[in-house]
Every structure is written in structure tokens, then in C-alpha cells.
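S.K.: There's a structure below that I have some questions on.
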Amino acid sequence: MVEKPKTFHLAITMAGAISAGAYTAGVMDYVLEALDNWAAMKQKADEFFDRYPFLKGIEWDQFTTTPDFKELTKAGKNMDDLQKRAFRYNSIPDHDIQIEIISGASAGGMTAAIASLVLQLENKHHVKFLPDVTNRETLKELDEIKENNRLFHSWVNLTSDDMLSVLLGVDDIKFVGKPVAALNSLFIRQVSERALRVDETDNITRSPFVSEDFNLFVTLTNLEGYQKSLNIDSSGQRADLQDYGDFITYDHSDLIMFSFGENEDPGTVHIDFNRKNDPLNDENIKLLSDAAVATGAFPIGLEYASFARKAEYINDNFLIKQIHSDAKELVEKDTKYLTTFIDGGLINNEPFELTDCLLKERLKQKLKNSNDKDLKKQIKQYLDDFEKKIKEDYPDGISDEELKSKMDAALERWLDTEVKRQKNYTILMIDPFPSERKKPAENVQDGKRNYYPFDLIGVVKQLVATMRSQLLVKSNLFNSARDINDFSCYLIAPRRRKFERTADGKVKRDEQSKPVPVYETDKNGDLIFDKNNKSISKAYDGSAAIACGSLGGFGGFLDKSFREHDFYLGRINCQSFLRKHFRIKCNGENSIENAVTAAYTDQMKKYFQKECGADYVPIIPEMNLLIEQTLLTTENQPSMPDELYCKLLFPKYNMKIFEASRDKVLKRIWTIVDSTMQDSKLSWLARKYIQFGFWKTKISLFESLSSIIKKELKAWELIK
């Protein structure tokens, strides 16, 4: 068996979210902060043990009997502080995390594109949730940090505090010459280009937790589609293979992949953010910006996007070959392929299976290209044995070409088995809108022949939901997702708890000073108990937990406070997730032996199993847990998730703000209607009739729209 390495490989994939990309951005920001903190703590440990090498790996009680202890005591060292530092630095798990892939669809794809640059920034400017800060100078510094944090600035600040006015503007119709979306979407390209711009103040460097050849890909819905033929003629017979035949169809699933660092794989767009004023590199960064806009082009609501790419980025791309395995070449060689795209989430909103496929392929290539002598020896021995067996099975001989084909296939099988055996990888999916259970249909009463749960509009809504849901089904993942012992996939989604509050808004606390949660009650107002006879605290999950989940995901565009809340909720959820749920079983039945579980000593487990459970260890150790339990005299108690949850207030929207935008709403609607009429062949009289009808009904139209929004926000508890 190959010796297990100390490296654990991570892929992060982000689902579509529209304005709730603010939540995804918050989660991503905290993942990177946790990794930064861990790397910084490892650095401090190295410096500490360079100074005190005799303290590395030794129990303190054992150390007190050594001459070094006596010498340090005589020198007047603070031995209590030194003991805590020794405990702390000896308690840092030393396995390595390598982010191999980031991927996404729609808003998740936009966040992934921005993250591809953030991963390489020396200073990522993490935005901490600090609700108690009141000092003006400090607040000013925090605002500067928010503006420099590309994830926060892109998703929370956007291009204006008043995004409603931006969305209702008509600049896009004037720019394009016709309406292409319900909302003015020009701001998306502005945000994308700003987020991916690199200047002299940005120090581009590879973080120790990022693979030197990582990949990014975003899914796309190709409106033109790739032409496919079943080679069947009009009589139903097989057509000549050199002809297309009469049965033509189109496949609209698409993606674009980028590579960084040493990775310049065929079919990938290579980017080096350090290579300034390079026309080809600048063109590729522009393509990254275009891809970010295209994957987030939510149908109808936001404008579609178009861009051209080289044929090799399609024909030679590993993942596109997996999706379109029935075609050798999808587009003509040595050309640029121009097409139009809408939301990548329409066809593949959670690109988990593609990420899984690419991650395993990358790990196989790493094994194949490894310089490890023992590994090379094992591979050679395996192939020698396989070749010997093949020659025994073919006593009359086998051609060199056929032998090579069988040997290559055998090597691929061995590598695939070895990757799975080592279990040194996982995929983390961030999904602000995870699928939720539906209520069962009501029983049809006796005597009724039919069941009519929907009106005409309801049927249309259900049709759209059904088509989208069917497109997103991933039956090949069901088994692994249901297996509680499978540590190859994790999901983080929004979760928000509710606490009892006093009249002045402060959280009520019990005798132990713990916040008092709001408990679930039945229709009679009586408490609901779980199977252990404990009261169930009220919690909101999925889209109901986030402010941007309202209005079908567009709620975040109403008010900046919605997006800011969701960004911070993403950070707090992530902190709790890393401590409690992003873990691997290390003891007992179905335990795993890999780089993560091998890294934890008994002393480390004492600190990090506090929240994840005695039989588990966290994949990414959260350094605040270690600091909390080894607090030095010069340090403050770090903020814990439960305390932050209490202080994160759910925002409330004043409908008067929307009502004040009536003229802008009506102007946007009329500009779209008027522009559409001008491009049509309607008669002058018909256009005047429509104009009269609009002006006659515009007030009631706005009131109906306002009523719908108010009802939706009320359901989300967002109304003041």
C-alpha cells in the first residue's frame, strides 16, 4: 500500500443564489479566514519552536524536570505564559489542506470567479462581524476593510446603497437600443470588472492552502446549443455515418474552465494575475469577467450575456468531453465560437458531479506524476504483473497497440482505486437555497372526482419549478449523500436561530447567562418536545433563514441591510459548521484513516473535539477554539458563534421606500412596453390603445405589485 500523505485535497462548489450570493460570499470569506488563521498559527509555532526547540512534542510535566526548565525559570521567564504557548503550538494539527478546484453556477459561479483572485491575494481583508464597535475611527477603518474585501464589496456594496434605483433605471435600454431584461443589469458587468481588476497595491501570492495548479470552472446555459445527430434518416433507418441524418437535436449544457499557476491543461483558459500588461493574459482575465456575468444571467430578470472563446477551450476541455462524450468535436477547429448564454444554474445549478469528476481526475494525475519512489515502485510492479497476465491470456500474441491500450486502462483503474482508498479529498458545497421537503398533498374528499390544487398562474409556476427541479436531479449522488459514513461531500446552507428579547431589543438570558431561544409551539400554543423530551428551539433553515431569500432570491436588491445580514450570517454559519460538522470520524466503527485523522494527537483532540464530538476530528481546525482554551494574558476572549448569532439582528424593510419608487417602477415598465411596440408591427392605433390602457391602469398595477412584495416580505418577517 502507498503511504498516506499528509495532504488533504478540497474542492469548493457554489450553487446559484441570485442576490443571496451575499451569503455564499460570507461563507467563502470565513473559510479563507479560517485557513489563513491556521496557516498563521503554524508560522508562529515554527518561530516558537525555533526559539524553544526543547519544547516541541514534550509534555509540560516532563519538561519541568529538565535543565532547560530551571534555566528559563532562573532567567525570570513567565512560565505560565510559556506553558500555554507550548500547549497551544503543540496542539496544532499539521496536515495540509490544498484547494484544488473552485466551481459554481449562477451567483455561485460569480462568487467562484471572484474567489479565484481572492485566493491569491496576500491580504484578503476579512470582514469580521463587530456589532459593538462605536468608535468613529474604528468604524472608518472597518468601512475601508469592507471596500477592500472583494467578496463583501462585490455582493454587499454592489454599485450603490440604493440598488432599487439602479435596477429600475433605463440606462440599459438606451445603451442596447431595446429591452433585454426586466431589470437594468448593467451594474453586474461593472461589479465583475471591478472585482477582477489588479493594481500595484495588490500583492499576488499563492497561499499555502491553495494548490499551485488549481482550477476554476463555471457552468453556462448555451442558448444556441451544441448540435447533435442520431444518424437516423426519415424512414427510421440508420443514416450513412458520414451524413448527419434527419434527426437533429441540441444540447445546451456548457461550461468554461480556467487554470492558474503551473496548470496550463489543454482546454483551459490560463490566467496569471501577476502578468500585467500582457495582451493575451488581459484577454483571458476579460474572458473570466465575461464568464462571471454569463453564469449569473438569471433568465428574464437579468440580461443575457454573449462572448466568444477559442475552439480549443471547448473541444479539448476535460469536463466538456465528459458532458458531450458522444461528440469528438463540438465546434470547428481554429475558430472563435461566439454564442449567447443565460444563467448557468438553469441546467446545472449545483455542479457537484462535475467537480467530483474533475477532482478525482486531478488526484489521479498527481499520483501518476508523483516523484515518490515507493509509489513508482508499486505502479511498476502492478503493471509488470498485469502485462504478464495479459500475455498469458494471449498465447498467440497481442499487438503493441492493443497491449498499450489495455495497460493504460489498467493503470487508470489502479489510480482510481488508490485515490478512493486514500480518502484524502472532499467537496464542500455552499447552497443558500437547498432543496426543502414539500408538504404532502391533501387527501381528496369522498365524492370529489378531481383534485385541483392550482389555478392557471399556479400551473405555470409549478411547471417552471418542475422543469428546473428535474434538470437539477443528480441520481448518481443519492447513494453517497445518504451514506452517513461517506466523507467525500459536505453541504453548508443557511440556518438562523431566534432568541427571546426584552422590550428594548436585548436578548434574554438564563441563570447561566446563556441566551434564551424561542421554542416551537403547536397551534394551541403548547411547547413541542423532541424524542428526548426536550423543548425544540425555533430555527429557520434554507431560504427562510436569509433576507435575500425573499422575492425568489431578488429580495437582496431591495435593501443593502438584507445583503449585509446574509454575508455575516454566512460567516457565522461557517464558523459553526467548521467546528461541528466539517469533520471526519477517527474512532469506532466506520472510522477513516487518512491525512486528517492521522494528524490529531490525543492532546489536539482535547481541544478540537469539544464541539465536533469525541469520535470525530475537524477537517479545518478552527483556531479560535484553540485560543479560547489556551488564552494568554495578552489576548482577549475570541467571539463565539452563539454570541454572534444573538447580535445579528434580522433586518426590517420599510415599504414606504418601495412606494416612493412608484414613478421609477412605472417608467421602467412603460419604457419596456413602448420599446417593444416600436420594434413590432403594431398599427399606430393599436399602440395608442395600449398606451391609454397603461396610463389608465398604472396606479392599480403598481398597487398590485406593491401588495405582492409586501405579502412576500411579511412571510419572511422582513416588514417593519
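A note on labels: chains of the C-alpha cells are A, B, ... as shown, every chain counts residues from 1, and ligands are counted from 1 in their shown order.
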Please, which residues in segment 14-105 of chain A fall within 8 Å of segment 628-651 of chain A when counting only C-alpha atoms, and what is the closest atom pair and distance in Å to one decimal for each, ordered by chain then residue number, as JSON lines?
M.R.:
```
{"residue": "A:Asp81", "atom": "CA", "partner": "A:Leu632", "partner_atom": "CA", "distance": 6.2}
{"residue": "A:Lys84", "atom": "CA", "partner": "A:Thr630", "partner_atom": "CA", "distance": 5.7}
{"residue": "A:Arg85", "atom": "CA", "partner": "A:Thr630", "partner_atom": "CA", "distance": 7.6}
{"residue": "A:Phe87", "atom": "CA", "partner": "A:Thr630", "partner_atom": "CA", "distance": 7.4}
{"residue": "A:Arg88", "atom": "CA", "partner": "A:Thr630", "partner_atom": "CA", "distance": 6.2}
```
S.K.: Neighbours of Asp171 of chain A within 8 Å (only C-alpha atoms; same-chain residues fewer than 2 positions away dropped), as a VMD selection string?
M.R.: chain A and resid 169 173 to 175 184 186
S.K.: Have a look at A:Gly570, A:Pro208, A:Pro494, A:Gly552 and name the one nearest to Ala539 of chain A; count only C-alpha atoms.
M.R.: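 Comparing A:Gly570, A:Pro208, A:Pro494, A:Gly552 against Ala539 of chain A, the winner is A:Pro494.
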S.K.: Can you pull out the residues contacting segment 319-326 of chain A? Cut-off 12 Å, using only C-alpha atoms, and skip same-chain residues under 3 positions away; I want them as a PyMOL selection string.
M.R.: chain A and resi 215-220+225-230+250-258+265-268+311-316+329-331+348+351+353-362
S.K.: When distances are computed from only C-alpha atoms, which of A:Ser550, A:Thr249, A:Ser561, A:Gln62 shows the smallest separation from Ile709 of chain A?
M.R.: A:Ser550
S.K.: Could you tell me how far atom CA of Thr13 of chain A sits from atom CA of Ile427 of chain A, in Å to one decimal place?
M.R.: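 Those two atoms sit 7.3 Å apart.
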S.K.: How many Å separate atom CA of Ala599 of chain A from atom CA of His95 of chain A?
M.R.: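 Computing it gives 5.7 Å between the two atoms.
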S.K.: Just give me the gap between atom CA of Ala40 of chain A and atom CA of His153 of chain A in Å, one decimal is fine.
M.R.: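 We find that atom CA of Ala40 of chain A and atom CA of His153 of chain A lie 24.7 Å from each other.
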S.K.: Compile the contact shell of Lys44 of chain A as a list in words: residues with an atom at most 12 Å away, counting only C-alpha atoms, same-chain residues fewer than 2 positions apart removed.
M.R.: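 The residues that qualify are Asn37, Trp38, Ala39, Ala40, Met41, Lys42, Asp46, Glu47, Phe48, Phe49, Asp50, Arg51, Arg85, Ala86, Arg88, Tyr89, Asn90 and Ile92 of chain A.
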S.K.: Compile the contact shell of Ile97 of chain A as JSON, numbers by chain: residues with an atom at most 7 Å away, counting only C-alpha atoms, same-chain residues fewer than 3 positions apart removed.
M.R.: {"A": [7, 8, 9, 10, 209]}
S.K.: What would the file look like if the residues just selected were written as a short mmCIF file (atom, residue, chain, number, x, y, z; two decimals), in the first residue's frame with N, CA and C atoms?
M.R.:
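Output below, filename result.cif:
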```
data_model
loop_
_atom_site.label_atom_id
_atom_site.label_comp_id
_atom_site.auth_asym_id
_atom_site.auth_seq_id
_atom_site.Cartn_x
_atom_site.Cartn_y
_atom_site.Cartn_z
N THR A 7 -1.36 15.48 3.01
CA THR A 7 -2.14 16.49 2.30
C THR A 7 -3.57 16.01 2.08
N PHE A 8 -4.52 16.88 2.40
CA PHE A 8 -5.94 16.61 2.17
C PHE A 8 -6.42 17.61 1.12
N HIS A 9 -7.10 17.09 0.10
CA HIS A 9 -7.47 17.89 -1.06
C HIS A 9 -8.93 18.32 -0.97
N LEU A 10 -9.18 19.60 -1.26
CA LEU A 10 -10.50 20.18 -1.09
C LEU A 10 -10.96 20.83 -2.39
N PHE A 209 -2.46 27.05 1.41
CA PHE A 209 -3.56 26.09 1.35
C PHE A 209 -4.20 26.03 -0.04
#
```
S.K.: Let's see if you can do this: from backbone DSSP, list all helix (DSSP H, G or I) residues in segment 252-411 of chain A, as a short mmCIF file (atom, residue, chain, number, x, y, z; two decimals) with N, CA and C atoms, in the first residue's frame.
M.R.:
```
data_model
loop_
_atom_site.label_atom_id
_atom_site.label_comp_id
_atom_site.auth_asym_id
_atom_site.auth_seq_id
_atom_site.Cartn_x
_atom_site.Cartn_y
_atom_site.Cartn_z
N PRO A 279 -1.06 41.27 -23.34
CA PRO A 279 -2.33 41.30 -24.08
C PRO A 279 -3.12 39.99 -23.98
N LEU A 280 -2.43 38.83 -24.09
CA LEU A 280 -3.12 37.55 -24.03
C LEU A 280 -3.69 37.31 -22.64
N ASN A 281 -2.90 37.61 -21.60
CA ASN A 281 -3.37 37.43 -20.23
C ASN A 281 -4.53 38.38 -19.92
N ASP A 282 -4.42 39.63 -20.40
CA ASP A 282 -5.50 40.59 -20.19
C ASP A 282 -6.79 40.12 -20.87
N GLU A 283 -6.63 39.52 -22.05
CA GLU A 283 -7.79 38.98 -22.77
C GLU A 283 -8.44 37.84 -21.98
N ASN A 284 -7.61 37.01 -21.36
CA ASN A 284 -8.13 35.88 -20.59
C ASN A 284 -8.84 36.35 -19.32
N ILE A 285 -8.31 37.40 -18.68
CA ILE A 285 -8.99 37.96 -17.50
C ILE A 285 -10.32 38.56 -17.92
N LYS A 286 -10.36 39.19 -19.08
CA LYS A 286 -11.62 39.72 -19.61
C LYS A 286 -12.61 38.58 -19.85
N LEU A 287 -12.11 37.45 -20.31
CA LEU A 287 -12.96 36.28 -20.53
C LEU A 287 -13.51 35.76 -19.20
N LEU A 288 -12.69 35.81 -18.15
CA LEU A 288 -13.15 35.41 -16.82
C LEU A 288 -14.28 36.33 -16.36
N SER A 289 -14.13 37.62 -16.59
CA SER A 289 -15.18 38.58 -16.24
C SER A 289 -16.45 38.31 -17.03
N ASP A 290 -16.31 38.03 -18.32
CA ASP A 290 -17.47 37.71 -19.16
C ASP A 290 -18.18 36.45 -18.68
N ALA A 291 -17.39 35.44 -18.30
CA ALA A 291 -17.96 34.18 -17.82
C ALA A 291 -18.73 34.38 -16.52
N ALA A 292 -18.20 35.24 -15.64
CA ALA A 292 -18.89 35.53 -14.38
C ALA A 292 -20.23 36.18 -14.64
N VAL A 293 -20.27 37.10 -15.60
CA VAL A 293 -21.53 37.77 -15.94
C VAL A 293 -22.50 36.76 -16.57
N ALA A 294 -21.99 35.91 -17.47
CA ALA A 294 -22.85 34.97 -18.20
C ALA A 294 -23.47 33.93 -17.29
N THR A 295 -22.70 33.40 -16.35
CA THR A 295 -23.26 32.35 -15.49
C THR A 295 -24.32 32.91 -14.55
N GLU A 312 -10.53 25.51 -28.94
CA GLU A 312 -9.81 24.56 -28.07
C GLU A 312 -10.35 24.55 -26.65
N TYR A 313 -10.92 25.69 -26.19
CA TYR A 313 -11.49 25.76 -24.85
C TYR A 313 -12.76 24.92 -24.72
N ILE A 314 -13.26 24.48 -25.87
CA ILE A 314 -14.46 23.63 -25.90
C ILE A 314 -14.07 22.20 -26.26
N ASN A 315 -13.44 22.04 -27.42
CA ASN A 315 -13.13 20.69 -27.93
C ASN A 315 -12.15 19.93 -27.05
N PHE A 318 -11.58 18.88 -20.59
CA PHE A 318 -11.85 17.57 -19.98
C PHE A 318 -13.32 17.40 -19.59
N LEU A 319 -13.90 18.40 -18.92
CA LEU A 319 -15.27 18.27 -18.44
C LEU A 319 -16.29 18.33 -19.57
N ILE A 320 -16.04 19.19 -20.55
CA ILE A 320 -16.97 19.26 -21.68
C ILE A 320 -16.97 17.93 -22.43
N LYS A 321 -15.81 17.27 -22.47
CA LYS A 321 -15.74 15.94 -23.09
C LYS A 321 -16.58 14.93 -22.31
N GLN A 322 -16.63 15.09 -20.98
CA GLN A 322 -17.44 14.18 -20.16
C GLN A 322 -18.92 14.42 -20.42
N ILE A 323 -19.30 15.70 -20.52
CA ILE A 323 -20.71 16.05 -20.74
C ILE A 323 -21.16 15.62 -22.14
N GLY A 345 -27.15 28.19 -13.77
CA GLY A 345 -27.93 27.37 -12.86
C GLY A 345 -29.19 26.81 -13.46
N LEU A 346 -29.57 27.27 -14.66
CA LEU A 346 -30.80 26.77 -15.27
C LEU A 346 -30.70 25.27 -15.55
N ILE A 347 -29.53 24.82 -16.02
CA ILE A 347 -29.34 23.40 -16.34
C ILE A 347 -28.56 22.68 -15.25
N ASN A 348 -27.57 23.36 -14.67
CA ASN A 348 -26.76 22.71 -13.63
C ASN A 348 -26.49 23.72 -12.52
N PHE A 352 -22.00 19.68 -8.59
CA PHE A 352 -21.28 18.80 -7.68
C PHE A 352 -20.61 17.65 -8.44
N GLU A 353 -21.39 17.02 -9.34
CA GLU A 353 -20.88 15.81 -10.01
C GLU A 353 -19.72 16.15 -10.93
N LEU A 354 -19.75 17.33 -11.57
CA LEU A 354 -18.64 17.73 -12.43
C LEU A 354 -17.39 18.03 -11.60
N THR A 355 -17.60 18.65 -10.44
CA THR A 355 -16.49 18.94 -9.53
C THR A 355 -15.87 17.64 -9.03
N ASP A 356 -16.71 16.70 -8.69
CA ASP A 356 -16.24 15.38 -8.22
C ASP A 356 -15.43 14.69 -9.31
N CYS A 357 -15.92 14.73 -10.54
CA CYS A 357 -15.23 14.09 -11.67
C CYS A 357 -13.86 14.73 -11.89
N LEU A 358 -13.82 16.06 -11.89
CA LEU A 358 -12.55 16.77 -12.12
C LEU A 358 -11.58 16.56 -10.97
N LEU A 359 -12.08 16.57 -9.74
CA LEU A 359 -11.20 16.39 -8.58
C LEU A 359 -10.53 15.02 -8.61
N LYS A 360 -11.28 13.98 -8.89
CA LYS A 360 -10.69 12.64 -8.94
C LYS A 360 -9.68 12.52 -10.08
N GLU A 361 -9.96 13.16 -11.21
CA GLU A 361 -9.02 13.13 -12.33
C GLU A 361 -7.72 13.85 -11.95
N ARG A 362 -7.85 14.99 -11.26
CA ARG A 362 -6.65 15.73 -10.84
C ARG A 362 -5.81 14.91 -9.86
N LEU A 363 -6.48 14.23 -8.93
CA LEU A 363 -5.74 13.44 -7.94
C LEU A 363 -5.06 12.23 -8.59
N LYS A 364 -5.71 11.65 -9.59
CA LYS A 364 -5.08 10.56 -10.33
C LYS A 364 -3.83 11.04 -11.05
N GLN A 365 -3.91 12.23 -11.65
CA GLN A 365 -2.75 12.78 -12.35
C GLN A 365 -1.62 13.09 -11.38
N LYS A 366 -1.97 13.54 -10.18
CA LYS A 366 -0.94 13.82 -9.17
C LYS A 366 -0.22 12.54 -8.77
N LEU A 367 -0.97 11.45 -8.63
CA LEU A 367 -0.34 10.16 -8.32
C LEU A 367 0.56 9.72 -9.47
N LYS A 368 0.05 9.87 -10.68
CA LYS A 368 0.79 9.42 -11.87
C LYS A 368 2.10 10.20 -12.03
N LYS A 373 9.29 7.49 -4.72
CA LYS A 373 9.93 6.26 -5.21
C LYS A 373 9.10 5.02 -4.89
N ASP A 374 8.54 4.98 -3.68
CA ASP A 374 7.73 3.82 -3.30
C ASP A 374 6.50 3.70 -4.17
N LEU A 375 5.89 4.84 -4.46
CA LEU A 375 4.70 4.83 -5.31
C LEU A 375 5.05 4.36 -6.72
N LYS A 376 6.14 4.89 -7.27
CA LYS A 376 6.57 4.47 -8.60
C LYS A 376 6.86 2.97 -8.65
N LYS A 377 7.45 2.50 -7.57
CA LYS A 377 7.78 1.07 -7.49
C LYS A 377 6.51 0.22 -7.49
N GLN A 378 5.49 0.67 -6.73
CA GLN A 378 4.23 -0.07 -6.68
C GLN A 378 3.54 -0.08 -8.03
N ILE A 379 3.54 1.08 -8.70
CA ILE A 379 2.88 1.16 -10.01
C ILE A 379 3.60 0.24 -11.00
N LYS A 380 4.92 0.26 -10.99
CA LYS A 380 5.69 -0.58 -11.91
C LYS A 380 5.41 -2.06 -11.66
N GLN A 381 5.38 -2.45 -10.37
CA GLN A 381 5.12 -3.84 -10.03
C GLN A 381 3.74 -4.26 -10.50
N TYR A 382 2.76 -3.38 -10.29
CA TYR A 382 1.39 -3.69 -10.70
C TYR A 382 1.31 -3.87 -12.22
N LEU A 383 1.95 -2.95 -12.96
CA LEU A 383 1.88 -3.02 -14.42
C LEU A 383 2.66 -4.23 -14.95
N ASP A 384 3.77 -4.57 -14.32
CA ASP A 384 4.53 -5.76 -14.74
C ASP A 384 3.69 -7.01 -14.56
N ASP A 385 3.02 -7.11 -13.40
CA ASP A 385 2.16 -8.28 -13.14
C ASP A 385 1.00 -8.33 -14.12
N PHE A 386 0.44 -7.15 -14.41
CA PHE A 386 -0.71 -7.10 -15.34
C PHE A 386 -0.28 -7.50 -16.75
N GLU A 387 0.91 -7.02 -17.18
CA GLU A 387 1.40 -7.36 -18.51
C GLU A 387 1.68 -8.86 -18.62
N LYS A 388 2.22 -9.40 -17.56
CA LYS A 388 2.49 -10.85 -17.55
C LYS A 388 1.20 -11.65 -17.71
N LYS A 389 0.15 -11.21 -17.00
CA LYS A 389 -1.14 -11.91 -17.07
C LYS A 389 -1.76 -11.78 -18.47
N ILE A 390 -1.65 -10.59 -19.06
CA ILE A 390 -2.20 -10.36 -20.40
C ILE A 390 -1.53 -11.30 -21.41
N LYS A 391 -0.23 -11.41 -21.33
CA LYS A 391 0.50 -12.27 -22.28
C LYS A 391 0.15 -13.74 -22.09
N GLU A 392 -0.19 -14.09 -20.83
CA GLU A 392 -0.64 -15.47 -20.59
C GLU A 392 -2.02 -15.70 -21.21
N ASP A 393 -2.86 -14.64 -21.18
CA ASP A 393 -4.21 -14.76 -21.74
C ASP A 393 -4.21 -14.73 -23.27
N ASP A 400 1.20 -4.52 -30.20
CA ASP A 400 1.71 -3.49 -29.28
C ASP A 400 0.65 -2.44 -28.98
N GLU A 401 -0.13 -2.09 -30.00
CA GLU A 401 -1.17 -1.08 -29.83
C GLU A 401 -2.25 -1.55 -28.85
N GLU A 402 -2.70 -2.79 -29.01
CA GLU A 402 -3.74 -3.33 -28.13
C GLU A 402 -3.20 -3.51 -26.71
N LEU A 403 -1.94 -3.96 -26.60
CA LEU A 403 -1.33 -4.13 -25.28
C LEU A 403 -1.24 -2.79 -24.56
N LYS A 404 -0.80 -1.75 -25.28
CA LYS A 404 -0.70 -0.42 -24.67
C LYS A 404 -2.06 0.08 -24.20
N SER A 405 -3.09 -0.17 -25.00
CA SER A 405 -4.44 0.27 -24.64
C SER A 405 -4.89 -0.41 -23.35
N LYS A 406 -4.63 -1.69 -23.23
CA LYS A 406 -5.03 -2.43 -22.03
C LYS A 406 -4.21 -2.00 -20.82
N MET A 407 -2.93 -1.73 -21.04
CA MET A 407 -2.06 -1.29 -19.95
C MET A 407 -2.49 0.09 -19.43
N ASP A 408 -2.82 0.99 -20.36
CA ASP A 408 -3.28 2.33 -19.98
C ASP A 408 -4.58 2.24 -19.17
N ALA A 409 -5.49 1.39 -19.62
CA ALA A 409 -6.77 1.23 -18.92
C ALA A 409 -6.55 0.65 -17.53
N ALA A 410 -5.61 -0.30 -17.44
CA ALA A 410 -5.31 -0.92 -16.13
C ALA A 410 -4.72 0.10 -15.17
N LEU A 411 -3.82 0.96 -15.69
CA LEU A 411 -3.23 1.99 -14.84
C LEU A 411 -4.30 2.97 -14.33
#
```
S.K.: Hey, which of A:Glu59, A:Lys420, A:His565, A:Ile204 ends up closest to Arg275 of chain A? Count only C-alpha atoms.
M.R.: A:Ile204
S.K.: Ile719 of chain A: which residues within 6 Å, counting only C-alpha atoms, same-chain residues fewer than 5 positions away excluded, as an NGL selection string?
M.R.: :A and (652-653 or 713-714)
S.K.: Nearest residue to Lys560 of chain A out of A:Cys548, A:Leu626, A:Gly458, A:Leu415, using only C-alpha atoms?
M.R.: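 Using only C-alpha atoms, the shortest distance to Lys560 of chain A belongs to A:Cys548.
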